[in-house]
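Asks: Supplied in structure tokens, the structure appears directly below.
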Amino acid sequence: MLALMMTVVLTAEAPQAAVDVRSAMHTYYQGEFNGGFAWSTSGGLSVAAAIPMLLSNDAFFRGMGWPTGIIGLAQIGLGISSFFSAPARIRRFDAQLDSDPSTFAATEHPRLRTVAGAFTVFQLVELGIVAGGSGVMGAGFARREDTLVGVGLGLVVQSLLFLVLDEVASRRADTYVTVLDDFVRLR
């Protein structure tokens, strides 16, 4: 009787866990796909703003145009990457969950733990760039070099934007990792 009850309990939990992990996986990757719009839009606006800055005769705006344009191009690249990778991952992981949940857990869990940890590193780097940009800005003010002030401000603004977008993605990854932790524990 105890064995029968254990079997019923264990089989009842596994399908629910699979449903929860599928839902969390879809939410995470749909968020990544939607984040692609945010990255691309932000990058496009940054590049659009950088062009007149770089063409300006004002040293401050030319200085600010360089980090604004370069980081804007990186944002566009991240956005395009998210557009293509997120839907493909949803299809691949749905198929794995249907056919081989153990392989899904063995590959997606450690990968997502690495991704979630990487966000901490990214955010520390972004904060470092904010601090460095602030230092460049301060040095530019002290030397009365408008180009340095512009470069510093461009670094600060773009890094803060990256920081905010990465925080949103980091929280989404942390939620998904928590569900994956439970899924792996139940396997």
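As shown in the structure tokens, the chain order sets the letters A, B, ...; within each chain, residues go from 1, and ligands are also counted from 1 in the order they appear.
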Contacts of A:Asn57 at 12 Å or less, counting only C-alpha atoms, minus same-chain residues fewer than 6 places along, as a list in words?
Replies: Gly63, Gly65, Asp146 and Thr147 of chain A
Asks: Identify, on the basis of only C-alpha atoms, every residue whose closest approach to A:His26 does not exceed 10 Å; exclude the query and any residue fewer than 5 positions from it along the same chain; express the result as a list in words.
Replies: Asp20, Val21, Gly31, Glu32, Ala86, Pro87, Arg89, Ile90, Arg91, Phe93, Asp94 and Tyr176 of chain A
Asks: Could you write out that same residue set with N, CA and C atoms as a PDB file, in the first residue's frame?
Replies:
ATOM      1  N   ASP A  20       5.388  23.200 -15.018  1.00  0.00           N
ATOM      2  CA  ASP A  20       5.962  24.413 -14.443  1.00  0.00           C
ATOM      3  C   ASP A  20       7.244  24.818 -15.150  1.00  0.00           C
ATOM      4  N   VAL A  21       8.121  23.855 -15.426  1.00  0.00           N
ATOM      5  CA  VAL A  21       9.381  24.193 -16.070  1.00  0.00           C
ATOM      6  C   VAL A  21       9.145  24.639 -17.512  1.00  0.00           C
ATOM      7  N   GLY A  31      10.645  36.485 -22.755  1.00  0.00           N
ATOM      8  CA  GLY A  31      11.244  37.711 -22.214  1.00  0.00           C
ATOM      9  C   GLY A  31      12.528  38.060 -22.945  1.00  0.00           C
ATOM     10  N   GLU A  32      13.329  37.048 -23.285  1.00  0.00           N
ATOM     11  CA  GLU A  32      14.549  37.292 -24.059  1.00  0.00           C
ATOM     12  C   GLU A  32      14.191  37.834 -25.451  1.00  0.00           C
ATOM     13  N   ALA A  86      16.061  33.078 -29.192  1.00  0.00           N
ATOM     14  CA  ALA A  86      14.988  32.734 -28.254  1.00  0.00           C
ATOM     15  C   ALA A  86      13.941  31.793 -28.863  1.00  0.00           C
ATOM     16  N   PRO A  87      13.369  32.089 -30.024  1.00  0.00           N
ATOM     17  CA  PRO A  87      12.367  31.167 -30.581  1.00  0.00           C
ATOM     18  C   PRO A  87      12.943  29.783 -30.881  1.00  0.00           C
ATOM     19  N   ARG A  89      15.380  28.289 -29.285  1.00  0.00           N
ATOM     20  CA  ARG A  89      15.544  27.574 -28.022  1.00  0.00           C
ATOM     21  C   ARG A  89      14.204  27.060 -27.496  1.00  0.00           C
ATOM     22  N   ILE A  90      13.167  27.842 -27.640  1.00  0.00           N
ATOM     23  CA  ILE A  90      11.847  27.384 -27.194  1.00  0.00           C
ATOM     24  C   ILE A  90      11.467  26.101 -27.938  1.00  0.00           C
ATOM     25  N   ARG A  91      11.638  26.097 -29.252  1.00  0.00           N
ATOM     26  CA  ARG A  91      11.302  24.896 -30.044  1.00  0.00           C
ATOM     27  C   ARG A  91      12.162  23.700 -29.613  1.00  0.00           C
ATOM     28  N   PHE A  93      13.835  23.184 -26.751  1.00  0.00           N
ATOM     29  CA  PHE A  93      13.605  22.726 -25.385  1.00  0.00           C
ATOM     30  C   PHE A  93      12.209  22.140 -25.201  1.00  0.00           C
ATOM     31  N   ASP A  94      11.231  22.601 -25.950  1.00  0.00           N
ATOM     32  CA  ASP A  94       9.912  21.943 -25.926  1.00  0.00           C
ATOM     33  C   ASP A  94      10.052  20.499 -26.394  1.00  0.00           C
ATOM     34  N   TYR A 176      13.826  31.695 -13.525  1.00  0.00           N
ATOM     35  CA  TYR A 176      13.885  30.458 -14.308  1.00  0.00           C
ATOM     36  C   TYR A 176      14.824  29.449 -13.644  1.00  0.00           C
TER      37      TYR A 176
END
Asks: With only C-alpha atoms as the counted atoms, please give the residues lying no more than 8 Å from A:Ala105, apart from itself and same-chain residues fewer than 3 positions off, as a list in words.
Replies: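 Here the qualifying residues turn out to be Pro101, Ser102, Glu108, His109, Leu180, Phe183 and Val184 of chain A.
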Asks: Could you dump the residues just selected with C-alpha atoms as a short mmCIF file (atom, residue, chain, number, x, y, z; two decimals), in the first residue's frame?
Replies:
data_model
loop_
_atom_site.label_atom_id
_atom_site.label_comp_id
_atom_site.auth_asym_id
_atom_site.auth_seq_id
_atom_site.Cartn_x
_atom_site.Cartn_y
_atom_site.Cartn_z
CA PRO A 101 13.33 15.61 -19.89
CA SER A 102 16.55 14.29 -18.33
CA GLU A 108 19.59 23.68 -19.58
CA HIS A 109 20.07 23.78 -15.80
CA LEU A 180 14.96 24.53 -12.92
CA PHE A 183 12.73 20.42 -11.61
CA VAL A 184 16.20 18.86 -11.22
#
Asks: Which residue, A:Gln75, A:Ser46, A:Gln96, A:Ser85, has the smallest gap to A:Phe162 when you use only C-alpha atoms?
Replies: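 Ranking A:Gln75, A:Ser46, A:Gln96, A:Ser85 by distance to A:Phe162, first place goes to A:Gln75.
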Asks: At what distance in Å, to one decimal, does atom CA of A:Val151 lie from atom CA of A:Pro67?
Replies: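 Separation of atom CA of A:Pro67 and atom CA of A:Val151: 6.4 Å.
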Asks: Give me, as a ChimeraX atom specification, all polymer residues having an atom no more than 7 Å from A:Gly133, counting only C-alpha atoms and skipping those fewer than 4 positions away in the same chain.
Replies: /A:129,137,152-153,155-156
Asks: What gap, in Å, lies between atom CA of A:Phe37 and atom CA of A:Thr175?
Replies: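 Separation of atom CA of A:Phe37 and atom CA of A:Thr175: 21.0 Å.
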